[in-house]
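What follows is coords.cif (mmCIF, C-alpha atoms).
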data_my_file
loop_
_atom_site.group_PDB
_atom_site.id
_atom_site.type_symbol
_atom_site.label_atom_id
_atom_site.label_comp_id
_atom_site.auth_asym_id
_atom_site.auth_seq_id
_atom_site.Cartn_x
_atom_site.Cartn_y
_atom_site.Cartn_z
ATOM 1 C CA MET A 1 100.733 52.507 80.755
ATOM 2 C CA LYS A 2 100.356 54.779 83.783
ATOM 3 C CA THR A 3 98.602 58.124 83.666
ATOM 4 C CA LYS A 4 101.175 60.930 83.617
ATOM 5 C CA ILE A 5 100.465 63.904 85.858
ATOM 6 C CA ILE A 6 102.551 67.058 86.255
ATOM 7 C CA ILE A 7 102.035 68.900 89.533
ATOM 8 C CA ASP A 8 103.067 72.355 90.727
ATOM 9 C CA ASP A 9 105.662 71.556 93.391
ATOM 10 C CA ARG A 10 104.378 74.245 95.755
ATOM 11 C CA ILE A 11 100.986 72.625 96.245
ATOM 12 C CA PRO A 12 101.083 71.356 99.836
ATOM 13 C CA TYR A 13 99.971 67.978 101.195
ATOM 14 C CA ILE A 14 100.011 66.365 97.728
ATOM 15 C CA HIS A 15 103.515 64.923 97.487
ATOM 16 C CA GLY A 16 103.638 61.132 97.346
ATOM 17 C CA LEU A 17 99.893 60.523 97.028
ATOM 18 C CA LEU A 18 99.225 60.366 93.299
ATOM 19 C CA ASP A 19 102.649 58.763 92.833
ATOM 20 C CA ARG A 20 101.114 55.516 94.082
ATOM 21 C CA VAL A 21 98.802 55.207 91.076
ATOM 22 C CA ALA A 22 100.335 57.381 88.350
ATOM 23 C CA GLU A 23 103.579 58.657 86.873
ATOM 24 C CA VAL A 24 104.095 62.026 88.559
ATOM 25 C CA GLU A 25 106.476 64.925 88.045
ATOM 26 C CA TYR A 26 106.662 67.866 90.446
ATOM 27 C CA VAL A 27 107.854 71.102 88.852
ATOM 28 C CA ALA A 28 108.084 74.766 89.732
ATOM 29 C CA TYR A 29 105.348 76.777 88.050
ATOM 30 C CA GLU A 30 107.999 78.655 86.079
ATOM 31 C CA GLU A 31 108.980 75.312 84.521
ATOM 32 C CA MET A 32 105.432 74.345 83.512
ATOM 33 C CA THR A 33 106.248 74.659 79.816
ATOM 34 C CA ARG A 34 104.601 73.347 76.678
ATOM 35 C CA GLU A 35 107.591 71.082 76.034
ATOM 36 C CA ARG A 36 107.243 69.516 79.466
ATOM 37 C CA LEU A 37 103.503 68.997 78.981
ATOM 38 C CA MET A 38 103.733 67.262 75.599
ATOM 39 C CA ASP A 39 103.063 63.752 76.963
ATOM 40 C CA ALA A 40 101.232 64.704 80.167
ATOM 41 C CA ASP A 41 97.680 63.444 80.638
ATOM 42 C CA ALA A 42 96.885 65.938 83.403
ATOM 43 C CA ILE A 43 98.294 68.917 85.251
ATOM 44 C CA ILE A 44 97.553 70.167 88.749
ATOM 45 C CA ILE A 45 98.296 73.859 89.130
ATOM 46 C CA ARG A 46 97.810 77.058 91.095
ATOM 47 C CA THR A 47 96.896 80.510 89.792
ATOM 48 C CA ARG A 48 100.471 81.275 88.760
ATOM 49 C CA THR A 49 100.295 78.848 85.798
ATOM 50 C CA LYS A 50 98.555 80.541 82.884
ATOM 51 C CA CYS A 51 96.858 77.830 80.826
ATOM 52 C CA THR A 52 96.751 79.496 77.434
ATOM 53 C CA ARG A 53 96.826 78.187 73.871
ATOM 54 C CA LYS A 54 100.582 78.798 73.884
ATOM 55 C CA LEU A 55 101.016 76.399 76.818
ATOM 56 C CA LEU A 56 98.500 73.737 75.813
ATOM 57 C CA GLU A 57 98.512 73.511 72.019
ATOM 58 C CA GLY A 58 99.750 70.153 70.762
ATOM 59 C CA THR A 59 100.050 68.596 74.219
ATOM 60 C CA ALA A 60 98.346 65.423 75.418
ATOM 61 C CA VAL A 61 96.693 67.189 78.354
ATOM 62 C CA LYS A 62 93.140 65.973 78.890
ATOM 63 C CA LEU A 63 92.551 67.341 82.397
ATOM 64 C CA ILE A 64 93.526 70.580 84.127
ATOM 65 C CA VAL A 65 92.947 70.752 87.859
ATOM 66 C CA THR A 66 93.530 74.002 89.698
ATOM 67 C CA ALA A 67 93.765 73.756 93.472
ATOM 68 C CA THR A 68 92.015 77.126 93.702
ATOM 69 C CA ILE A 69 88.549 78.599 93.515
ATOM 70 C CA GLY A 70 89.292 80.977 90.660
ATOM 71 C CA MET A 71 89.804 79.872 87.058
ATOM 72 C CA ASP A 72 90.625 83.148 85.310
ATOM 73 C CA HIS A 73 94.182 81.880 84.725
ATOM 74 C CA ILE A 74 92.777 79.196 82.398
ATOM 75 C CA ASP A 75 91.557 79.777 78.838
ATOM 76 C CA LEU A 76 88.257 77.986 79.309
ATOM 77 C CA GLU A 77 87.113 78.593 75.746
ATOM 78 C CA TYR A 78 90.235 76.979 74.333
ATOM 79 C CA CYS A 79 89.856 74.025 76.676
ATOM 80 C CA LYS A 80 86.216 73.569 75.700
ATOM 81 C CA ASN A 81 87.048 73.642 72.004
ATOM 82 C CA HIS A 82 89.875 71.109 72.446
ATOM 83 C CA GLU A 83 88.059 68.712 74.798
ATOM 84 C CA ILE A 84 90.225 69.499 77.812
ATOM 85 C CA THR A 85 88.309 69.081 81.054
ATOM 86 C CA VAL A 86 88.874 71.728 83.722
ATOM 87 C CA ARG A 87 88.202 71.255 87.422
ATOM 88 C CA ASN A 88 88.663 73.692 90.287
ATOM 89 C CA ALA A 89 88.244 73.574 94.057
ATOM 90 C CA PRO A 90 85.146 75.691 94.770
ATOM 91 C CA GLY A 91 84.921 76.906 98.350
ATOM 92 C CA CYS A 92 88.212 75.323 99.385
ATOM 93 C CA ASN A 93 89.564 78.436 101.095
ATOM 94 C CA ALA A 94 86.331 80.321 101.796
ATOM 95 C CA SER A 95 86.761 80.111 105.564
ATOM 96 C CA SER A 96 90.365 81.237 105.270
ATOM 97 C CA VAL A 97 89.415 84.387 103.327
ATOM 98 C CA ALA A 98 86.615 85.062 105.805
ATOM 99 C CA GLN A 99 89.181 84.825 108.614
ATOM 100 C CA TRP A 100 91.401 87.332 106.781
ATOM 101 C CA PHE A 101 88.394 89.631 106.314
ATOM 102 C CA GLY A 102 87.578 89.474 110.029
ATOM 103 C CA GLU A 103 91.125 90.511 110.867
ATOM 104 C CA ALA A 104 91.052 93.334 108.308
ATOM 105 C CA ILE A 105 87.875 94.601 109.982
ATOM 106 C CA ARG A 106 89.390 94.284 113.464
ATOM 107 C CA VAL A 107 92.361 96.461 112.495
ATOM 108 C CA TRP A 108 90.098 99.062 110.911
ATOM 109 C CA ARG A 109 87.779 99.128 113.916
ATOM 110 C CA ASP A 110 90.726 99.922 116.171
ATOM 111 C CA GLU A 111 90.547 103.432 114.681
ATOM 112 C CA ASN A 112 86.790 103.424 114.004
ATOM 113 C CA HIS A 113 85.175 102.422 117.276
ATOM 114 C CA GLY A 114 81.642 101.058 117.378
ATOM 115 C CA THR A 115 79.700 98.431 115.461
ATOM 116 C CA ASN A 116 77.016 100.432 113.684
ATOM 117 C CA TYR A 117 78.553 100.003 110.252
ATOM 118 C CA LYS A 118 77.004 98.530 107.159
ATOM 119 C CA VAL A 119 79.100 96.124 105.081
ATOM 120 C CA GLY A 120 78.468 95.935 101.352
ATOM 121 C CA ILE A 121 79.354 92.464 100.045
ATOM 122 C CA VAL A 122 79.859 92.264 96.290
ATOM 123 C CA GLY A 123 79.511 88.610 95.334
ATOM 124 C CA LEU A 124 77.726 86.070 97.534
ATOM 125 C CA GLY A 125 79.382 82.839 96.464
ATOM 126 C CA HIS A 126 81.303 80.451 98.701
ATOM 127 C CA VAL A 127 83.539 83.196 100.069
ATOM 128 C CA GLY A 128 81.024 86.034 100.180
ATOM 129 C CA SER A 129 78.588 83.854 102.122
ATOM 130 C CA ARG A 130 81.238 83.139 104.773
ATOM 131 C CA VAL A 131 82.232 86.795 104.918
ATOM 132 C CA LYS A 132 78.596 87.739 105.476
ATOM 133 C CA LYS A 133 78.403 85.408 108.471
ATOM 134 C CA VAL A 134 81.623 86.795 109.937
ATOM 135 C CA ALA A 135 80.421 90.389 109.518
ATOM 136 C CA GLU A 136 77.098 89.621 111.174
ATOM 137 C CA ARG A 137 78.802 87.794 114.048
ATOM 138 C CA MET A 138 80.837 90.980 114.539
ATOM 139 C CA GLY A 139 77.592 92.934 114.900
ATOM 140 C CA LEU A 140 77.727 94.576 111.474
ATOM 141 C CA GLN A 141 74.785 95.053 109.133
ATOM 142 C CA THR A 142 75.192 93.653 105.648
ATOM 143 C CA MET A 143 73.981 94.526 102.156
ATOM 144 C CA VAL A 144 74.576 92.257 99.167
ATOM 145 C CA CYS A 145 75.175 92.975 95.495
ATOM 146 C CA ASP A 146 74.968 89.801 93.405
ATOM 147 C CA PRO A 147 72.496 89.912 90.514
ATOM 148 C CA LEU A 148 73.372 86.341 89.505
ATOM 149 C CA LYS A 149 71.944 85.203 92.833
ATOM 150 C CA GLY A 150 68.972 87.550 92.823
ATOM 151 C CA TYR A 151 70.463 90.329 94.983
ATOM 152 C CA MET A 152 69.746 93.308 92.744
ATOM 153 C CA THR A 153 71.273 96.023 94.926
ATOM 154 C CA THR A 154 73.493 98.101 92.645
ATOM 155 C CA LEU A 155 77.116 99.061 93.140
ATOM 156 C CA THR A 156 75.974 102.673 93.344
ATOM 157 C CA GLU A 157 73.664 101.831 96.261
ATOM 158 C CA ILE A 158 76.443 99.858 97.938
ATOM 159 C CA GLY A 159 78.801 102.821 97.592
ATOM 160 C CA ARG A 160 76.333 105.341 98.973
ATOM 161 C CA GLN A 161 75.091 103.268 101.918
ATOM 162 C CA CYS A 162 77.994 101.074 103.085
ATOM 163 C CA ARG A 163 80.935 102.159 105.189
ATOM 164 C CA VAL A 164 82.739 98.886 104.363
ATOM 165 C CA ILE A 165 82.762 97.483 100.820
ATOM 166 C CA THR A 166 84.314 94.072 100.183
ATOM 167 C CA PHE A 167 84.659 92.250 96.859
ATOM 168 C CA HIS A 168 84.292 88.476 96.503
ATOM 169 C CA THR A 169 83.613 87.774 92.849
ATOM 170 C CA PRO A 170 85.581 85.835 90.233
ATOM 171 C CA LEU A 171 87.375 87.876 87.596
ATOM 172 C CA THR A 172 85.255 87.769 84.440
ATOM 173 C CA THR A 173 85.396 89.719 81.196
ATOM 174 C CA THR A 174 82.233 88.474 79.501
ATOM 175 C CA GLY A 175 78.611 87.727 80.342
ATOM 176 C CA ASP A 176 75.843 89.987 81.584
ATOM 177 C CA TYR A 177 77.832 91.141 84.602
ATOM 178 C CA PRO A 178 81.588 91.239 83.883
ATOM 179 C CA THR A 179 83.653 91.960 86.980
ATOM 180 C CA ILE A 180 86.941 93.190 85.529
ATOM 181 C CA GLY A 181 87.307 96.885 86.360
ATOM 182 C CA MET A 182 84.081 96.747 88.377
ATOM 183 C CA ALA A 183 85.340 99.296 90.893
ATOM 184 C CA SER A 184 86.086 102.061 88.399
ATOM 185 C CA ARG A 185 85.837 105.859 88.350
ATOM 186 C CA GLN A 186 82.039 105.709 88.298
ATOM 187 C CA PHE A 187 82.042 103.412 91.333
ATOM 188 C CA PHE A 188 84.347 105.622 93.399
ATOM 189 C CA ALA A 189 82.291 108.702 92.513
ATOM 190 C CA ASN A 190 79.506 107.191 94.617
ATOM 191 C CA VAL A 191 81.538 105.891 97.563
ATOM 192 C CA MET A 192 81.242 107.702 100.898
ATOM 193 C CA PRO A 193 84.470 109.565 101.756
ATOM 194 C CA ASN A 194 85.272 107.564 104.900
ATOM 195 C CA ALA A 195 84.648 104.103 103.452
ATOM 196 C CA TYR A 196 86.879 101.052 103.839
ATOM 197 C CA ILE A 197 87.482 99.244 100.520
ATOM 198 C CA ILE A 198 88.543 95.586 100.668
ATOM 199 C CA ASN A 199 89.730 93.336 97.842
ATOM 200 C CA ALA A 200 90.516 89.704 98.644
ATOM 201 C CA ALA A 201 89.019 88.407 95.404
ATOM 202 C CA ARG A 202 91.078 89.072 92.268
ATOM 203 C CA GLY A 203 93.407 91.779 91.062
ATOM 204 C CA GLY A 204 91.682 93.702 88.291
ATOM 205 C CA ILE A 205 88.289 93.915 89.938
ATOM 206 C CA ILE A 206 89.342 97.241 91.447
ATOM 207 C CA VAL A 207 90.921 99.783 89.097
ATOM 208 C CA GLU A 208 93.875 100.618 91.303
ATOM 209 C CA ASN A 209 94.610 104.031 89.779
ATOM 210 C CA GLU A 210 91.047 105.093 90.579
ATOM 211 C CA LEU A 211 91.374 103.720 94.108
ATOM 212 C CA LYS A 212 94.549 105.768 94.598
ATOM 213 C CA LYS A 213 92.834 108.923 93.341
ATOM 214 C CA TRP A 214 89.957 108.339 95.734
ATOM 215 C CA LEU A 215 92.311 107.759 98.682
ATOM 216 C CA LYS A 216 94.228 110.958 97.873
ATOM 217 C CA GLU A 217 90.998 112.951 97.723
ATOM 218 C CA HIS A 218 89.565 111.484 100.952
ATOM 219 C CA SER A 219 91.953 111.399 103.891
ATOM 220 C CA GLU A 220 89.486 109.328 105.960
ATOM 221 C CA GLY A 221 89.220 106.629 103.300
ATOM 222 C CA ARG A 222 90.960 103.309 103.898
ATOM 223 C CA CYS A 223 91.649 100.124 101.958
ATOM 224 C CA ALA A 224 92.813 96.554 102.556
ATOM 225 C CA ILE A 225 94.251 94.786 99.528
ATOM 226 C CA ASP A 226 95.280 91.146 99.188
ATOM 227 C CA CYS A 227 94.760 90.713 95.429
ATOM 228 C CA TRP A 228 96.597 93.145 93.175
ATOM 229 C CA GLU A 229 96.866 94.148 89.560
ATOM 230 C CA ASN A 230 100.086 92.974 87.898
ATOM 231 C CA GLU A 231 101.157 90.530 90.603
ATOM 232 C CA PRO A 232 103.858 90.030 91.687
ATOM 233 C CA THR A 233 104.951 93.502 90.499
ATOM 234 C CA ILE A 234 102.453 95.369 92.620
ATOM 235 C CA ASP A 235 101.794 99.103 92.921
ATOM 236 C CA ARG A 236 104.089 100.215 95.736
ATOM 237 C CA GLU A 237 102.387 103.580 96.092
ATOM 238 C CA LEU A 238 99.048 101.869 96.700
ATOM 239 C CA LEU A 239 100.702 99.434 99.104
ATOM 240 C CA GLY A 240 102.000 102.386 101.113
ATOM 241 C CA MET A 241 98.551 103.962 101.161
ATOM 242 C CA SER A 242 96.822 100.757 102.295
ATOM 243 C CA LEU A 243 95.777 100.175 105.871
ATOM 244 C CA ILE A 244 96.381 96.489 105.166
ATOM 245 C CA GLY A 245 98.393 95.104 102.260
ATOM 246 C CA THR A 246 99.121 91.385 101.987
ATOM 247 C CA PRO A 247 100.693 89.195 99.255
ATOM 248 C CA HIS A 248 97.620 87.312 97.976
ATOM 249 C CA ILE A 249 97.531 85.007 101.002
ATOM 250 C CA ALA A 250 93.996 85.593 102.329
ATOM 251 C CA GLY A 251 93.086 82.038 101.329
ATOM 252 C CA TYR A 252 96.393 80.557 102.465
ATOM 253 C CA SER A 253 95.375 78.942 105.735
ATOM 254 C CA ALA A 254 96.582 75.376 106.176
ATOM 255 C CA ASN A 255 92.933 74.309 106.172
ATOM 256 C CA GLY A 256 92.240 76.034 102.861
ATOM 257 C CA LYS A 257 95.309 74.525 101.226
ATOM 258 C CA TRP A 258 94.428 71.060 102.532
ATOM 259 C CA ASN A 259 90.908 71.383 101.125
ATOM 260 C CA GLY A 260 92.243 72.440 97.721
ATOM 261 C CA THR A 261 94.619 69.481 97.577
ATOM 262 C CA LYS A 262 91.954 67.011 98.651
ATOM 263 C CA MET A 263 89.525 68.264 96.016
ATOM 264 C CA SER A 264 92.250 68.155 93.351
ATOM 265 C CA ILE A 265 93.092 64.514 94.037
ATOM 266 C CA GLU A 266 89.394 63.640 94.063
ATOM 267 C CA ALA A 267 89.003 65.270 90.645
ATOM 268 C CA VAL A 268 91.903 63.257 89.206
ATOM 269 C CA ASN A 269 90.608 60.036 90.742
ATOM 270 C CA VAL A 270 87.153 60.504 89.250
ATOM 271 C CA PHE A 271 88.385 61.507 85.789
ATOM 272 C CA PHE A 272 90.891 58.678 85.336
ATOM 273 C CA GLY A 273 89.238 56.052 87.553
ATOM 274 C CA LEU A 274 92.169 56.021 89.986
ATOM 275 C CA ASP A 275 92.220 55.377 93.710
ATOM 276 C CA ALA A 276 94.984 57.671 94.965
ATOM 277 C CA PRO A 277 94.730 58.254 98.725
ATOM 278 C CA LEU A 278 93.643 61.615 100.057
ATOM 279 C CA PRO A 279 95.872 63.680 102.361
ATOM 280 C CA GLU A 280 95.849 62.781 106.022
ATOM 281 C CA PRO A 281 93.657 65.069 108.158
ATOM 282 C CA LEU A 282 95.492 67.998 109.681
ATOM 283 C CA PRO A 283 96.579 67.335 113.246
ATOM 284 C CA ALA A 284 94.588 68.950 116.021
ATOM 285 C CA THR A 285 96.121 72.185 117.224
ATOM 286 C CA THR A 286 95.435 75.065 119.529
ATOM 287 C CA VAL A 287 94.194 77.825 117.247
ATOM 288 C CA HIS A 288 95.891 81.134 117.922
ATOM 289 C CA GLN A 289 94.576 84.518 116.864
ATOM 290 C CA TYR A 290 95.692 85.336 113.339
ATOM 291 C CA ASP A 291 97.481 88.695 113.309
ATOM 292 C CA ILE A 292 97.084 90.206 109.847
ATOM 293 C CA ASN A 293 99.446 93.044 110.782
ATOM 294 C CA ILE A 294 102.394 90.639 110.619
ATOM 295 C CA ASP A 295 101.692 89.795 106.969
ATOM 296 C CA SER A 296 101.012 93.423 106.098
ATOM 297 C CA LYS A 297 104.129 94.773 107.797
ATOM 298 C CA ALA A 298 106.334 92.191 106.074
ATOM 299 C CA LEU A 299 105.036 93.071 102.593
ATOM 300 C CA LYS A 300 105.297 96.815 103.167
ATOM 301 C CA GLU A 301 108.906 96.425 104.262
ATOM 302 C CA ALA A 302 109.869 94.198 101.312
ATOM 303 C CA PRO A 303 107.356 94.402 98.424
ATOM 304 C CA ASP A 304 109.901 92.878 96.039
ATOM 305 C CA ARG A 305 109.554 89.612 98.015
ATOM 306 C CA PHE A 306 105.859 89.282 97.150
ATOM 307 C CA GLU A 307 106.280 85.881 95.499
ATOM 308 C CA TRP A 308 108.678 84.662 98.185
ATOM 309 C CA PHE A 309 106.139 85.437 100.907
ATOM 310 C CA ARG A 310 103.536 83.370 99.043
ATOM 311 C CA GLY A 311 105.888 80.463 98.493
ATOM 312 C CA HIS A 312 107.132 80.401 102.091
ATOM 313 C CA TYR A 313 103.951 81.264 103.925
ATOM 314 C CA PRO A 314 103.960 79.894 107.495
ATOM 315 C CA GLU A 315 101.197 77.607 108.684
ATOM 316 C CA ARG A 316 98.044 79.495 109.635
ATOM 317 C CA ARG A 317 95.159 77.568 111.077
ATOM 318 C CA GLU A 318 91.543 78.669 111.022
#

Structure re-expressed in structure tokens:
Amino acid sequence: MKTKIIIDDRIPYIHGLLDRVAEVEYVAYEEMTRERLMDADAIIIRTRTKCTRKLLEGTAVKLIVTATIGMDHIDLEYCKNHEITVRNAPGCNASSVAQWFGEAIRVWRDENHGTNYKVGIVGLGHVGSRVKKVAERMGLQTMVCDPLKGYMTTLTEIGRQCRVITFHTPLTTTGDYPTIGMASRQFFANVMPNAYIINAARGGIIVENELKKWLKEHSEGRCAIDCWENEPTIDRELLGMSLIGTPHIAGYSANGKWNGTKMSIEAVNVFFGLDAPLPEPLPATTVHQYDINIDSKALKEAPDRFEWFRGHYPERRE
């Protein structure tokens, strides 16, 4: 009897590959229901599928693969207690987010000439490490806050010393250093008035009401937001106040998506002992400059199409 796998139909480069070795169904994330998962051995998802007890209880699911870096959309404790293996795609879109960051800096520097700025990087994982390299290649100094990796600089020090502050942590609610609500009232009380706040990590890391208060109090302050609270119903006032506002697509380069799909198929192959082929390498192309203003302008003109922009994102190469 073949392994049954249910796959989010918006994951690119995956169609037709696992079909060769397994029984596969492609469904919209809205249709990823408990009833549909009852006899599924594995699911391959994106962040839009919330893997909770309500979705998983009583199903045959043994493996959850998310074609993303983050896993905060999965109830890891429930999975652990019910022997459901979870795999993600660490680092798959790190270069893509770093590209987005570089563009966000370029736009900001158009009104803030010079290079003598210090960038505070909160989180030095796969993405933060790439962002650090991009910042330094742009001639910017960097300071890192990541106690889990031995960088003990505090958020208060980052706020007081860095003109640019960019977040690249997972969204966590437990542990010694939870990140949910990290950028709160206390954080903004210590941020210099002309800082540039960037979030291309997870909605919820920045308390958006506090960010709005800070922006209203400091006319020279700026922000660039890709990851929002309450997606896809985002805060339109904050969107209007943002120098850059994009629909959670910082990691959406073709290269990042291809990496996520490749790593997802590899995870399924290893777990079930299958030999599904990997996606064909992306064709060579002339890389054009990514213009972040196009994505930002589109969202600001039609914020109600947030999810549509994500689902119909044009090819962007790194």

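Here the PyMOL selection byres ((chain A and resi 26) around 9) matches the residues Ile5, Ile6, Ile7, Asp8, Asp9, Arg10, His15, Val24, Glu25, Val27 and Ala28 of chain A.
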
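Those residues returned by the PyMOL selection byres ((chain A and resi 133-135) around 10) for this file are A:Ser95, A:Ala98, A:Gln99, A:Phe101, A:Gly102, A:Ile105, A:Tyr117, A:Lys118, A:Val119, A:Ile121, A:Gly128, A:Ser129, A:Arg130, A:Val131, A:Lys132, A:Glu136, A:Arg137, A:Met138, A:Gly139, A:Leu140, A:Gln141, A:Thr142.
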
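Nearest residue to Met192 of chain A among A:Met263, A:Ile84, A:Ile180, A:Leu215 is A:Leu215, counting only C-alpha atoms.
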
### Message
If the PyMOL selection byres ((chain A and resi 108) around 12) were run on this exact file, what residues would it hold? Put them as a VMD selection string.
### Response
chain A and resid 101 to 107 109 to 115 117 163 to 164 194 to 198 220 to 224 242 to 244 292 to 293

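When all atoms listed in the file are used to measure the gap to Thr154 of chain A, the shortest distance among A:Ile225, A:Ala267, A:Met32, A:Val122 belongs to A:Val122.
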
### Task
List the neighbours of Thr169 of chain A out to 10 Å using all atoms listed in the file; skip same-chain residues closer than 3 positions along the sequence, and give me the result as a ChimeraX atom specification.
/A:70,121-128,146,166,172,178-180,199-202,205

Give the centre and edge lengths of an axis-aligned box, in Å to one decimal, that holds all listed atoms of segment 139-154 of chain A with 8 Å on each side, as AutoDock Vina command-line options.
--center_x 73.3 --center_y 91.7 --center_z 102.2 --size_x 24.8 --size_y 28.9 --size_z 41.4

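With atom CA of Ile45 of chain A on one side and atom CA of Pro170 of chain A on the other, the separation reads 17.5 Å.
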
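Note that atom CA of Arg87 of chain A and atom CA of Met71 of chain A are 8.8 Å apart.
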
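For the residues A:Leu171, A:Val207, A:Ala254, A:Leu238, ranking by smallest atom-to-atom distance to Pro283 of chain A using all atoms listed in the file places A:Ala254 first.
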
If I only have part of segment 232-239 of chain A, can you fill in all heavy atoms and write it as a tab-separated table (two decimals), keeping the file's coordinate frame?
chain	number	residue	atom	x	y	z
A	232	PRO	N	103.41	89.58	90.36
A	232	PRO	CA	103.86	90.03	91.69
A	232	PRO	C	104.44	91.44	91.70
A	232	PRO	O	104.90	91.90	92.74
A	232	PRO	CB	104.94	89.00	92.02
A	232	PRO	CG	105.54	88.67	90.69
A	232	PRO	CD	104.40	88.70	89.71
A	233	THR	N	104.42	92.13	90.55
A	233	THR	CA	104.95	93.50	90.50
A	233	THR	C	103.82	94.45	90.87
A	233	THR	O	103.17	95.03	90.01
A	233	THR	CB	105.50	93.82	89.10
A	233	THR	OG1	106.39	92.78	88.70
A	233	THR	CG2	106.23	95.14	89.09
A	234	ILE	N	103.62	94.62	92.16
A	234	ILE	CA	102.45	95.37	92.62
A	234	ILE	C	102.75	96.86	92.72
A	234	ILE	O	103.91	97.29	92.69
A	234	ILE	CB	101.96	94.83	93.98
A	234	ILE	CG1	103.01	95.04	95.06
A	234	ILE	CG2	101.59	93.36	93.85
A	234	ILE	CD1	102.51	94.69	96.46
A	235	ASP	N	101.70	97.65	92.83
A	235	ASP	CA	101.79	99.10	92.92
A	235	ASP	C	102.27	99.48	94.32
A	235	ASP	O	101.53	99.39	95.29
A	235	ASP	CB	100.43	99.72	92.64
A	235	ASP	CG	100.48	101.23	92.50
A	235	ASP	OD1	101.20	101.88	93.28
A	235	ASP	OD2	99.76	101.76	91.63
A	236	ARG	N	103.52	99.92	94.41
A	236	ARG	CA	104.09	100.22	95.74
A	236	ARG	C	103.47	101.46	96.36
A	236	ARG	O	103.40	101.56	97.59
A	236	ARG	CB	105.61	100.36	95.62
A	236	ARG	CG	106.28	99.08	95.16
A	236	ARG	CD	107.77	99.14	95.27
A	236	ARG	NE	108.37	97.89	94.81
A	236	ARG	CZ	109.61	97.51	95.10
A	236	ARG	NH1	110.38	98.29	95.83
A	236	ARG	NH2	110.08	96.37	94.65
A	237	GLU	N	103.05	102.39	95.54
A	237	GLU	CA	102.39	103.58	96.09
A	237	GLU	C	101.08	103.18	96.76
A	237	GLU	O	100.79	103.61	97.89
A	237	GLU	CB	102.12	104.60	95.00
A	237	GLU	CG	101.48	105.88	95.54
A	237	GLU	CD	101.15	106.89	94.46
A	237	GLU	OE1	101.00	106.49	93.28
A	237	GLU	OE2	101.00	108.08	94.81
A	238	LEU	N	100.30	102.32	96.11
A	238	LEU	CA	99.05	101.87	96.70
A	238	LEU	C	99.31	101.04	97.95
A	238	LEU	O	98.58	101.15	98.94
A	238	LEU	CB	98.24	101.05	95.68
A	238	LEU	CG	96.90	100.50	96.19
A	238	LEU	CD1	96.00	101.62	96.69
A	238	LEU	CD2	96.21	99.70	95.09
A	239	LEU	N	100.35	100.21	97.92
A	239	LEU	CA	100.70	99.43	99.10
A	239	LEU	C	100.97	100.36	100.29
A	239	LEU	O	100.49	100.12	101.40
A	239	LEU	CB	101.93	98.58	98.82
A	239	LEU	CG	102.50	97.80	100.00
A	239	LEU	CD1	101.49	96.78	100.52
A	239	LEU	CD2	103.80	97.08	99.59
